[in-house]
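Just input.txt here, compact mmCIF, C-alpha atoms:
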```txt
# COMPACT_ATOMS: atom_id res chain seq x y z
CA MET A 1 127.99 118.04 87.40
CA ILE A 2 124.33 117.10 87.40
CA VAL A 3 121.31 118.00 85.33
CA ALA A 4 120.60 121.67 86.00
CA GLY A 5 117.68 122.36 88.27
CA LEU A 6 117.20 118.82 89.43
CA ALA A 7 118.92 118.99 92.78
CA ALA A 8 115.81 117.67 94.49
CA SER A 9 115.91 114.51 92.36
CA VAL A 10 119.48 113.62 93.19
CA VAL A 11 120.31 110.47 95.11
CA GLU A 12 123.83 110.04 96.42
CA LEU A 13 125.51 106.91 97.67
CA GLU A 14 128.94 107.08 99.23
CA ILE A 15 130.80 103.77 99.40
CA PRO A 16 134.20 102.82 100.77
CA ALA A 17 136.65 102.42 97.88
CA ARG A 18 136.66 98.66 98.20
CA GLY A 19 135.46 95.97 95.82
CA GLU A 20 132.97 94.48 98.21
CA TYR A 21 130.76 97.60 97.90
CA VAL A 22 130.46 97.63 94.10
CA GLY A 23 127.62 95.09 94.23
CA LEU A 24 125.72 97.40 96.57
CA ALA A 25 126.14 100.32 94.14
CA ARG A 26 124.82 98.13 91.30
CA LEU A 27 121.84 97.12 93.40
CA VAL A 28 120.92 100.70 94.31
CA VAL A 29 121.28 102.08 90.78
CA SER A 30 119.41 99.21 89.12
CA SER A 31 116.61 99.54 91.70
CA LEU A 32 116.35 103.25 90.97
CA ALA A 33 116.35 102.65 87.23
CA SER A 34 113.74 99.91 87.29
CA SER A 35 111.39 101.61 89.72
CA ARG A 36 111.56 105.16 88.42
CA ARG A 37 112.10 104.90 84.69
CA THR A 38 110.58 103.28 81.63
CA LEU A 39 113.61 101.24 80.73
CA ALA A 40 113.87 97.80 79.15
CA ASP A 41 115.57 95.14 81.24
CA ASP A 42 118.55 94.96 78.88
CA ARG A 43 119.11 98.71 79.24
CA ILE A 44 119.10 98.35 83.00
CA ASP A 45 121.67 95.57 82.61
CA ASP A 46 123.76 97.93 80.45
CA LEU A 47 123.59 100.61 83.13
CA LYS A 48 124.55 98.13 85.87
CA LEU A 49 127.54 96.99 83.86
CA ALA A 50 128.68 100.53 83.01
CA LEU A 51 128.36 101.51 86.67
CA SER A 52 130.34 98.47 87.76
CA GLU A 53 133.13 99.40 85.34
CA ALA A 54 133.19 103.02 86.56
CA CYS A 55 133.23 101.95 90.23
CA THR A 56 136.00 99.43 89.56
CA ASN A 57 138.11 102.11 87.86
CA ALA A 58 137.45 104.48 90.77
CA ILE A 59 138.50 101.87 93.33
CA GLU A 60 141.62 101.01 91.39
CA ALA A 61 142.47 104.71 91.15
CA HIS A 62 142.35 104.86 94.94
CA ALA A 63 144.52 101.77 95.23
CA ASP A 64 147.11 103.43 92.99
CA VAL A 65 147.50 106.32 95.40
CA GLY A 66 147.32 104.11 98.45
CA ASP A 67 144.45 105.78 100.25
CA ASP A 68 141.09 104.49 101.35
CA GLU A 69 138.75 107.38 100.80
CA THR A 70 135.25 106.95 99.49
CA VAL A 71 133.73 106.76 96.04
CA LEU A 72 130.62 108.82 95.40
CA VAL A 73 127.83 107.49 93.18
CA ARG A 74 125.30 110.15 92.21
CA TRP A 75 121.97 109.58 90.45
CA ALA A 76 120.09 112.43 88.77
CA GLU A 77 117.23 112.44 86.30
CA SER A 78 115.02 114.57 84.12
CA ASP A 79 112.16 113.83 81.74
CA ASP A 80 114.25 112.42 78.95
CA ARG A 81 117.37 111.10 80.66
CA LEU A 82 119.04 109.68 83.69
CA GLU A 83 122.59 110.36 84.71
CA VAL A 84 124.83 108.33 86.96
CA GLU A 85 128.09 109.86 88.03
CA VAL A 86 130.97 108.11 89.78
CA GLU A 87 133.48 110.36 91.48
CA ASP A 88 136.77 109.27 92.96
CA ARG A 89 139.68 110.92 94.75
CA GLY A 90 142.32 109.31 92.59
CA PRO A 91 145.03 110.96 90.50
CA GLY A 92 142.93 110.95 87.33
CA PHE A 93 143.76 109.88 83.80
CA ASP A 94 143.30 110.98 80.25
CA PRO A 95 140.72 108.67 78.62
CA SER A 96 141.89 109.70 75.15
CA THR A 97 145.34 108.24 75.71
CA LEU A 98 144.39 104.73 76.80
CA PRO A 99 146.54 102.08 75.13
CA GLU A 100 144.84 100.12 72.40
CA HIS A 101 144.63 96.36 72.64
CA PRO A 102 145.92 94.20 69.80
CA PRO A 103 143.14 92.84 67.58
CA VAL A 104 141.35 89.79 69.00
CA THR A 105 142.81 87.66 66.24
CA ASP A 106 146.34 88.42 67.49
CA PRO A 107 147.67 85.86 70.02
CA GLU A 108 149.22 88.81 71.86
CA ARG A 109 145.69 89.85 72.79
CA LEU A 110 145.77 87.30 75.63
CA ASN A 111 148.44 89.36 77.38
CA PHE A 112 145.88 92.07 78.12
CA GLU A 113 143.60 91.23 81.01
CA ARG A 114 142.70 94.82 81.81
CA GLY A 115 141.69 97.98 80.01
CA LEU A 116 138.28 96.85 78.78
CA GLY A 117 136.26 98.93 81.23
CA ILE A 118 136.28 102.30 79.48
CA PRO A 119 135.49 100.90 76.01
CA LEU A 120 132.62 98.97 77.60
CA ILE A 121 131.23 102.08 79.28
CA ARG A 122 131.38 103.94 75.96
CA SER A 123 129.43 101.14 74.26
CA LEU A 124 126.79 100.69 76.95
CA VAL A 125 125.53 104.20 77.68
CA ASP A 126 124.36 106.97 75.37
CA GLU A 127 126.88 109.55 76.54
CA VAL A 128 129.91 109.43 78.77
CA ILE A 129 131.92 112.37 80.04
CA PHE A 130 135.21 112.13 81.90
CA ALA A 131 136.08 115.19 83.91
CA ARG A 132 138.68 116.28 86.40
CA VAL A 133 137.00 117.45 89.57
CA GLU A 134 138.46 119.25 92.51
CA GLN A 135 139.77 116.19 94.30
CA GLY A 136 139.77 113.49 91.68
CA MET A 137 138.03 112.23 88.58
CA ALA A 138 134.35 111.99 87.68
CA VAL A 139 132.75 109.75 85.09
CA ARG A 140 129.27 110.83 84.10
CA MET A 141 127.15 108.31 82.22
CA VAL A 142 123.95 109.39 80.51
CA MET A 143 121.07 107.26 79.28
CA PHE A 144 118.18 108.72 77.34
CA CYS A 145 114.98 107.05 78.38
CA GLY A 146 111.23 107.31 78.84
CA PRO A 147 109.69 109.64 81.39
CA VAL A 148 109.80 109.23 85.13
CA ALA A 149 107.45 106.37 85.98
CA ASP A 150 103.91 107.53 86.77
CA LEU A 151 103.54 106.14 90.25
CA ASP A 152 100.13 105.74 91.83
CA ASP A 153 99.65 107.10 95.29
CA ASP A 154 99.66 103.55 96.60
CA ASP A 155 102.98 102.69 95.05
CA GLU A 156 106.00 102.69 97.24
CA LEU A 157 109.35 103.64 95.83
CA ALA A 158 111.95 100.94 96.20
CA TRP A 159 114.12 103.05 98.46
CA SER A 160 111.42 104.69 100.57
CA MET B 1 126.39 88.41 96.03
CA ASP B 2 129.03 85.81 96.62
CA LEU B 3 130.69 83.67 94.02
CA VAL B 4 130.36 79.90 94.26
CA LEU B 5 132.75 77.66 92.32
CA ASP B 6 132.40 73.90 91.87
CA VAL B 7 134.76 71.60 90.03
CA THR B 8 133.37 68.34 88.68
CA GLU B 9 134.42 65.75 86.15
CA SER B 10 132.04 65.05 83.29
CA ASP B 11 132.93 62.33 80.78
CA GLY B 12 136.59 62.91 81.50
CA ALA B 13 136.34 66.68 81.15
CA THR B 14 137.05 69.15 83.94
CA VAL B 15 134.01 71.37 84.45
CA LEU B 16 134.23 74.55 86.53
CA THR B 17 130.73 75.73 87.38
CA VAL B 18 130.51 79.41 88.31
CA ARG B 19 127.52 80.78 90.24
CA GLY B 20 126.82 84.34 91.29
CA GLU B 21 128.40 87.64 90.33
CA VAL B 22 131.89 88.06 88.91
CA ASP B 23 133.27 91.53 89.57
CA VAL B 24 136.28 93.26 91.10
CA TYR B 25 135.47 91.73 94.48
CA THR B 26 134.90 88.12 93.45
CA ALA B 27 137.12 87.77 90.35
CA PRO B 28 140.29 86.99 92.37
CA LYS B 29 138.56 83.85 93.67
CA LEU B 30 137.89 82.73 90.09
CA ARG B 31 141.49 83.51 89.11
CA GLU B 32 142.84 81.44 92.01
CA LYS B 33 140.67 78.47 91.04
CA LEU B 34 141.81 78.57 87.41
CA VAL B 35 145.46 78.84 88.48
CA GLU B 36 144.94 75.89 90.84
CA LEU B 37 143.37 73.72 88.11
CA VAL B 38 146.20 74.44 85.69
CA ALA B 39 148.74 73.68 88.44
CA GLN B 40 147.02 70.30 88.81
CA GLY B 41 147.69 69.64 85.14
CA ARG B 42 144.13 70.29 83.95
CA TYR B 43 144.71 72.16 80.72
CA THR B 44 141.33 71.72 79.06
CA ILE B 45 138.64 73.23 81.21
CA VAL B 46 134.95 73.81 80.58
CA VAL B 47 133.77 76.93 82.40
CA ASP B 48 130.01 76.84 82.85
CA LEU B 49 128.67 80.41 83.13
CA GLU B 50 124.97 79.51 83.00
CA ALA B 51 124.39 80.40 86.66
CA VAL B 52 126.35 83.66 86.48
CA ASP B 53 124.08 86.63 87.20
CA PHE B 54 126.60 89.32 86.41
CA LEU B 55 130.03 89.53 84.81
CA ASP B 56 132.06 92.65 84.14
CA SER B 57 135.44 93.34 82.55
CA THR B 58 137.28 92.18 85.66
CA GLY B 59 135.72 88.74 85.16
CA LEU B 60 136.48 88.87 81.45
CA GLY B 61 140.11 89.63 82.26
CA VAL B 62 140.34 86.60 84.52
CA LEU B 63 138.94 84.37 81.79
CA VAL B 64 141.41 85.85 79.28
CA GLY B 65 144.21 85.11 81.76
CA GLY B 66 142.92 81.55 82.20
CA LEU B 67 142.80 81.04 78.46
CA LYS B 68 146.38 82.25 78.17
CA ARG B 69 147.48 79.79 80.86
CA VAL B 70 145.83 76.72 79.36
CA ARG B 71 146.94 77.58 75.83
CA SER B 72 150.53 77.76 77.02
CA HIS B 73 150.06 74.03 77.73
CA ASP B 74 148.24 73.45 74.42
CA GLY B 75 144.96 73.30 76.30
CA GLU B 76 141.69 75.16 75.90
CA LEU B 77 139.17 77.05 77.98
CA ILE B 78 135.67 76.33 76.71
CA LEU B 79 132.74 78.42 77.89
CA VAL B 80 129.08 77.54 78.31
CA CYS B 81 126.80 80.56 78.15
CA THR B 82 123.36 81.30 76.73
CA HIS B 83 122.33 84.40 78.68
CA GLN B 84 122.33 87.44 76.44
CA ARG B 85 123.33 89.82 79.23
CA ILE B 86 126.53 87.84 79.76
CA LEU B 87 127.20 87.09 76.07
CA LYS B 88 126.85 90.79 75.31
CA VAL B 89 130.01 91.55 77.31
CA PHE B 90 131.97 89.12 75.13
CA GLU B 91 130.39 90.51 71.97
CA ILE B 92 131.12 94.18 72.70
CA THR B 93 134.75 93.43 73.51
CA GLY B 94 135.19 91.15 70.49
CA LEU B 95 136.13 88.24 72.75
CA THR B 96 133.58 85.94 71.11
CA LYS B 97 136.34 85.54 68.52
CA VAL B 98 138.84 84.48 71.18
CA PHE B 99 136.78 82.04 73.22
CA THR B 100 134.90 78.94 72.18
CA ILE B 101 131.41 79.48 73.56
CA HIS B 102 128.79 76.73 73.59
CA ASP B 103 125.11 76.84 74.41
CA SER B 104 125.10 73.57 76.32
CA LEU B 105 127.36 71.78 78.74
CA GLY B 106 127.14 68.61 76.66
CA ALA B 107 128.44 70.32 73.54
CA ALA B 108 131.24 71.96 75.53
CA VAL B 109 132.28 68.64 77.06
CA ASP B 110 132.30 67.02 73.61
CA THR B 111 134.56 69.81 72.34
CA SER B 112 136.87 69.48 75.34
CA ARG B 113 137.29 65.75 74.76
CA ALA B 114 138.14 66.36 71.12
CA SER B 115 140.78 68.99 71.92
```
Write the structure described by the file as structure tokens, please.
Amino acid sequence: MIVAGLAASVVELEIPARGEYVGLARLVVSSLASSRRTLADDRIDDLKLALSEACTNAIEAHADVGDDETVLVRWAESDDRLEVEVEDRGPGFDPSTLPEHPPVTDPERLNFERGLGIPLIRSLVDEVIFARVEQGMAVRMVMFCGPVADLDDDDELAWS
Amino acid sequence: MDLVLDVTESDGATVLTVRGEVDVYTAPKLREKLVELVAQGRYTIVVDLEAVDFLDSTGLGVLVGGLKRVRSHDGELILVCTHQRILKVFEITGLTKVFTIHDSLGAAVDTSRAS
């Protein structure tokens, strides 16, 4: 599910499928994005938000099936892009059949507190792919961006 | 990464100041506070988001739920927010058309007193 030939550049973070760990996932991915890529701050904010939405969906998918397995967050990159994938062990869903909300001008709109996550992800990243995987569902989010940061020998990577 | 909530009165308006990150973990705390304020009969509430570092759709959903609650009592939920990274979430989802959003607490309090 990752960029071909970039196995050595992959970073994986496995978190318990509980809300308290979503902040940690945001922290790790935004640190990777800001230290390794030429990305404007607002694009990093977009990535953090998209990741948060994907992790929230993954955790809620686990809650639906009543288990407490882990959610896998996977970072991969190449010269022109970064990819962040969130994989759950939930029952999966068809993103093309999500119910549409009433227009915001309709008072009925206030009856919908959920269901904004997937439209947000679609708006925030350059590509998003939803795929069934062996044990659950994977959301892969792609951002096209400048090259891997040219780090001096003295520079330390944020996670090293 | 905790969420800190403070309720104050400003010129007769109820102001809920939110600090920190609003996500799937912390949003229930915000929901409880809004439910509690409405149960106390406070139907016009200024929610100050200036010290919010992060807000995702779970937080948006809680604010939508709060707005529904106060409007059922002819009240209003008035937001204070100037940070583009937070405003962007409202803009993408079209919710800038649903909420009254001010760029200063003073303006929000004035609106709340008029409503």
> Excluding same-chain residues fewer than 2 positions from Asp23 in chain B, what lies within 9 Å of it counting all atoms listed in the file, as a list in words?
Replying inline: Gly19, Val22, Gly23, Ser52, Glu53 and Thr56 of chain A; Glu21, Tyr25, Thr26, Ala27, Pro28, Phe54, Leu55, Asp56, Ser57, Thr58 and Gly59 of chain B
> Near chain A, which residues of chain B fall within 12 Å when you count all atoms listed in the file, and what do they look like as number ranges by chain?
Replying inline: B: 1-3, 20-28, 31, 53-72, 83-86, 88-99
> Hey, can you check how far CA of Val29 in chain A sits from CA of Ala61 in chain A?
Replying inline: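 About the pair CA of Val29 in chain A and CA of Ala61 in chain A: they are 21.4 Å apart.
CA of Val7 in chain B is found 11.7 Å from CA of Arg19 in chain B.
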>> Just to confirm, what's the straight-line distance from CA of Thr70 in chain A to CA of Val52 in chain B in Å (one decimal)?
In response: 28.1 Å
>> I want to know what sits within 9 Å of Val71 in chain A, based on all atoms listed in the file, with residues of the same chain fewer than 2 positions away left out; could you give that as a ChimeraX atom specification?
In response: /A:13-18,55,58-59,62,69,73,86-89
> If we count all atoms listed in the file, what is near Glu77 in chain A at a cut-off of 8 Å, once residues fewer than 2 positions away on the same chain are taken out, given as a ChimeraX atom specification?
Replying inline: /A:3,6,9-10,75,79-83
> Which polymer residues have any atom within 7 Å of an atom of Gly146 in chain A, counting only C-alpha atoms, with same-chain residues fewer than 3 positions away left out, as a list of chain:residue names?
Replying inline: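 Once the adjacent positions are removed, what remains is A:Arg37, A:Thr38, A:Leu39, A:Asp80.
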Centre and size of axis-aligned box enclosing range 38-41 of chain B plus 3 Å each side, as AutoDock Vina command-line options:
```
--center_x 147.5 --center_y 72.0 --center_z 87.0 --size_x 8.5 --size_y 10.8 --size_z 9.7
```
>> Set the distance at 7 Å and use all atoms listed in the file: which residues neighbour Glu50 in chain B once local chain neighbours fewer than 5 positions away are removed? I'd like the list as a count of residues only.
In response: 3
